[in-house]
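Structure file upload_4.cif (mmCIF, C-alpha atoms) follows.
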```cif
data_upload
loop_
_atom_site.label_atom_id
_atom_site.label_comp_id
_atom_site.auth_asym_id
_atom_site.auth_seq_id
_atom_site.Cartn_x
_atom_site.Cartn_y
_atom_site.Cartn_z
CA MET A 1 17.28 29.26 -6.38
CA GLY A 2 16.24 26.06 -4.63
CA ALA A 3 12.79 24.95 -3.64
CA VAL A 4 11.56 25.83 -0.17
CA LYS A 5 10.51 22.66 1.63
CA VAL A 6 7.17 22.72 3.42
CA ASP A 7 6.10 20.42 6.24
CA SER A 8 2.54 19.83 5.14
CA PHE A 9 0.77 19.53 1.80
CA SER A 10 -1.76 22.08 3.09
CA GLU A 11 0.95 24.75 2.72
CA ILE A 12 0.98 24.33 -1.06
CA GLU A 13 -2.51 22.94 -1.65
CA SER A 14 -4.01 26.25 -2.77
CA ALA A 15 -1.33 26.82 -5.44
CA PHE A 16 -1.55 23.14 -6.46
CA VAL A 17 -5.30 23.39 -7.03
CA THR A 18 -5.13 26.81 -8.70
CA TYR A 19 -2.47 25.73 -11.20
CA ILE A 20 -4.20 22.43 -11.98
CA GLN A 21 -7.52 24.24 -12.53
CA ASP A 22 -5.76 26.62 -14.90
CA ILE A 23 -3.65 24.06 -16.79
CA VAL A 24 -5.99 20.98 -16.64
CA TYR A 25 -3.96 18.60 -18.84
CA CYS A 26 -0.62 17.17 -17.78
CA THR A 27 2.16 15.00 -19.09
CA MET A 28 2.36 11.56 -17.49
CA ILE A 29 5.78 9.92 -17.59
CA THR A 30 6.35 6.20 -17.07
CA VAL A 31 9.49 4.11 -17.48
CA ASP A 32 9.90 0.93 -19.50
CA SER A 33 11.81 -2.20 -18.45
CA LYS A 34 15.02 -0.76 -19.96
CA GLY A 35 14.76 2.48 -17.98
CA ARG A 36 13.56 4.60 -20.93
CA PRO A 37 10.92 7.25 -20.20
CA ARG A 38 7.64 7.53 -22.09
CA ALA A 39 5.39 10.59 -21.98
CA ARG A 40 1.74 11.08 -22.84
CA VAL A 41 -0.77 13.88 -22.22
CA LEU A 42 -3.69 12.98 -19.95
CA LEU A 43 -6.16 14.54 -17.54
CA PRO A 44 -6.04 13.22 -13.97
CA ILE A 45 -8.36 14.45 -11.26
CA TRP A 46 -7.27 15.22 -7.71
CA GLU A 47 -8.55 15.33 -4.19
CA THR A 48 -7.04 15.73 -0.75
CA VAL A 49 -7.51 12.80 1.59
CA GLU A 50 -6.34 13.03 5.19
CA GLY A 51 -4.09 15.97 4.30
CA ARG A 52 -2.44 14.26 1.30
CA PRO A 53 -3.05 14.60 -2.43
CA VAL A 54 -4.58 11.59 -4.19
CA GLY A 55 -5.02 11.44 -7.94
CA TRP A 56 -7.26 9.35 -10.17
CA LEU A 57 -6.71 8.75 -13.85
CA ALA A 58 -9.43 7.30 -16.06
CA ALA A 59 -7.55 5.60 -18.87
CA TYR A 60 -7.51 2.95 -21.50
CA LYS A 61 -5.32 0.08 -20.34
CA THR A 62 -2.96 0.13 -23.30
CA PRO A 63 -0.26 -2.56 -23.53
CA VAL A 64 2.52 0.03 -23.13
CA LYS A 65 1.01 1.75 -20.10
CA ALA A 66 0.12 -1.59 -18.48
CA ALA A 67 3.63 -3.00 -19.03
CA HIS A 68 5.34 0.14 -17.72
CA LEU A 69 3.28 0.29 -14.52
CA ALA A 70 3.65 -3.46 -13.95
CA ASN A 71 7.42 -3.13 -14.18
CA ASN A 72 7.80 0.18 -12.32
CA PRO A 73 4.94 2.04 -10.58
CA HIS A 74 7.01 5.24 -10.19
CA THR A 75 5.53 7.98 -12.35
CA THR A 76 5.80 11.71 -12.80
CA TYR A 77 2.97 14.07 -13.72
CA SER A 78 3.96 17.49 -15.00
CA TYR A 79 1.73 20.56 -15.49
CA TRP A 80 2.96 23.73 -17.20
CA ASN A 81 1.48 26.88 -18.69
CA PRO A 82 3.03 29.73 -20.74
CA ARG A 83 3.19 31.96 -17.64
CA GLN A 84 5.75 29.38 -16.39
CA ASN A 85 3.54 28.22 -13.54
CA ALA A 86 4.16 24.52 -13.06
CA VAL A 87 3.36 21.55 -10.86
CA PHE A 88 5.56 18.44 -10.72
CA ILE A 89 4.20 15.33 -9.04
CA ASP A 90 6.38 12.27 -8.36
CA SER A 91 4.25 9.33 -7.35
CA LEU A 92 3.38 5.68 -7.25
CA SER A 93 0.64 4.81 -9.73
CA TYR A 94 -1.24 1.57 -9.97
CA TRP A 95 -4.34 0.09 -11.59
CA VAL A 96 -7.44 -0.22 -9.44
CA ASP A 97 -9.94 -2.95 -10.30
CA ASP A 98 -12.43 -2.53 -7.45
CA PRO A 99 -15.80 -1.60 -9.04
CA GLU A 100 -16.73 0.74 -6.17
CA VAL A 101 -13.46 2.66 -6.49
CA LYS A 102 -13.86 2.86 -10.27
CA LYS A 103 -17.38 4.28 -9.77
CA TYR A 104 -15.99 6.75 -7.21
CA ALA A 105 -13.39 7.99 -9.72
CA TRP A 106 -16.07 8.15 -12.42
CA ASP A 107 -18.18 10.41 -10.22
CA LEU A 108 -15.20 12.67 -9.45
CA TYR A 109 -14.61 13.11 -13.18
CA ALA A 110 -18.26 13.90 -13.79
CA LYS A 111 -18.47 16.56 -11.06
CA GLY A 112 -14.94 17.95 -11.55
CA SER A 113 -12.20 17.49 -9.00
CA PRO A 114 -10.97 20.07 -8.39
CA ARG A 115 -13.87 22.10 -9.78
CA GLY A 116 -13.32 22.79 -13.47
CA VAL A 117 -11.08 19.75 -13.96
CA GLY A 118 -12.76 16.68 -15.33
CA TYR A 119 -15.16 15.73 -18.09
CA ASN A 120 -18.12 13.52 -18.84
CA PRO A 121 -16.53 10.06 -18.91
CA ARG A 122 -19.43 8.75 -21.03
CA ASN A 123 -17.83 10.60 -23.93
CA PHE A 124 -15.19 7.84 -23.90
CA TRP A 125 -16.83 4.91 -22.08
CA ARG A 126 -20.45 4.80 -23.23
CA LEU A 127 -21.39 1.85 -20.99
CA GLY A 128 -20.57 3.78 -17.83
CA PRO A 129 -18.22 2.69 -15.05
CA GLU A 130 -18.84 -0.97 -15.95
CA ASP A 131 -17.52 -0.44 -19.50
CA PRO A 132 -14.81 -3.08 -20.03
CA GLN A 133 -12.56 -0.46 -21.65
CA TYR A 134 -12.78 1.88 -18.62
CA HIS A 135 -9.84 1.54 -16.24
CA VAL A 136 -8.60 3.62 -13.35
CA ILE A 137 -5.13 4.40 -12.08
CA ARG A 138 -4.70 5.60 -8.51
CA ILE A 139 -1.92 8.16 -8.06
CA ASP A 140 -0.21 8.41 -4.66
CA PRO A 141 2.23 11.33 -4.70
CA TRP A 142 5.34 11.26 -2.53
CA ARG A 143 6.73 14.56 -3.86
CA VAL A 144 4.86 17.65 -5.09
CA GLN A 145 6.54 20.82 -6.27
CA VAL A 146 4.73 24.01 -7.25
CA LEU A 147 6.60 26.67 -9.20
CA ARG A 148 5.32 30.23 -9.62
CA GLY A 149 6.46 31.61 -12.95
CA SER A 150 6.37 35.31 -12.06
CA ASP A 151 9.40 35.00 -9.78
CA LEU A 152 10.36 31.32 -10.14
CA SER A 153 9.66 30.72 -6.46
CA SER A 154 9.25 27.04 -5.75
CA ARG A 155 7.78 25.13 -2.83
CA LEU A 156 8.21 21.41 -2.27
CA TRP A 157 6.26 18.88 -0.20
CA THR A 158 7.45 15.32 0.31
CA ASP A 159 5.84 12.40 2.06
CA GLU A 160 8.61 10.56 3.82
CA LEU A 161 6.45 7.42 4.17
CA GLN A 162 6.02 7.01 0.38
CA ARG A 163 9.63 7.60 -0.64
#
```
Represent the structure from my file as structure tokens, please.
Amino acid sequence: MGAVKVDSFSEIESAFVTYIQDIVYCTMITVDSKGRPRARVLLPIWETVEGRPVGWLAAYKTPVKAAHLANNPHTTYSYWNPRQNAVFIDSLSYWVDDPEVKKYAWDLYAKGSPRGVGYNPRNFWRLGPEDPQYHVIRIDPWRVQVLRGSDLSSRLWTDELQR
């Protein structure tokens, strides 16, 4: 059974938010310079901007993650729960150094975006958004698939401009 393509992210936004609120943590996959994938579990936050999903990931700028994104910004974020509900997000991800944007992402984490997803970033970066160890990755999805486990129905949104 193939995925049903939708014309607008708004057609899958409710399921996207519901599953992310339920699952919270996801697997982020990057690719090294030899084309080998690397996975790690992280907690991005999400918002909808002008009808499109935008993600933010507060992260330590590890040498591996930095090298992978510098070489290839294409990433996949995968959410799954035991009921087989899943969200798959193919995207472009890149580091953001602008202090105002970093503060914006910090605030989204603190309030929860969507509600129930997030945490107090001071638990990791005690000096606040200016902490030199605090970094932010912006996630710009070009493909989002939501899969409902009860019947394996799948809906797919793509942004032709980002592909």
For Val4 in chain A, please output as a PyMOL selection string all residues within 9 Å (counting all atoms listed in the file; exclusion window: fewer than 2 positions along the same chain).
chain A and resi 2+6+153-157
Hey, what's within 7 Å of Ser113 in chain A if we count all atoms listed in the file and toss same-chain stuff fewer than 6 positions away? As a VMD selection string, please?
chain A and resid 45 to 47
Next, dump the selected residues to file, keeping only C-alpha atoms, as a PDB file, keeping the file's coordinate frame.
```
ATOM      1  CA  ILE A  45      -8.360  14.450 -11.260  1.00  0.00           C
ATOM      2  CA  TRP A  46      -7.270  15.220  -7.710  1.00  0.00           C
ATOM      3  CA  GLU A  47      -8.550  15.330  -4.190  1.00  0.00           C
TER       4      GLU A  47
END
```
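Among the candidate residues A:Ser33, A:Thr27, A:Asn85, A:Ser78, the one lying nearest to Leu152 in chain A is A:Asn85, with distances computed using all atoms listed in the file.
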With the PyMOL selection byres ((chain A and resi 122) around 12) as the selection, what would be picked from this file? Answer as an MDAnalysis selection string, please.
chainID A and resid 58 106:107 109:110 118:121 123:131 133:134
Taking the file above as input, evaluate the PyMOL selection byres ((chain A and resi 94) around 12) and report the hits as an MDAnalysis selection string.
chainID A and resid 30 55:59 61 65:75 91:93 95:97 135:141
Looking at all atoms listed in the file, which of A:Thr158, A:Ser8, A:Thr76, A:Gln21 is the one that sits closest to Val41 in chain A?
A:Thr76
Could you list, as a PyMOL selection string, every residue matched by the PyMOL selection byres ((chain A and resi 79) around 10) in this structure?
chain A and resi 16+19-20+22-28+41+77-78+80-81+84-89+146
Pick from A:Val144, A:Val117, A:Ala3, A:Ala15: nearest to Leu42 in chain A, with only C-alpha atoms counted?
A:Val117
Using all atoms listed in the file: which of A:Pro114, A:Pro99, A:Gly35, A:Pro63 has the shortest distance to Thr48 in chain A
A:Pro114
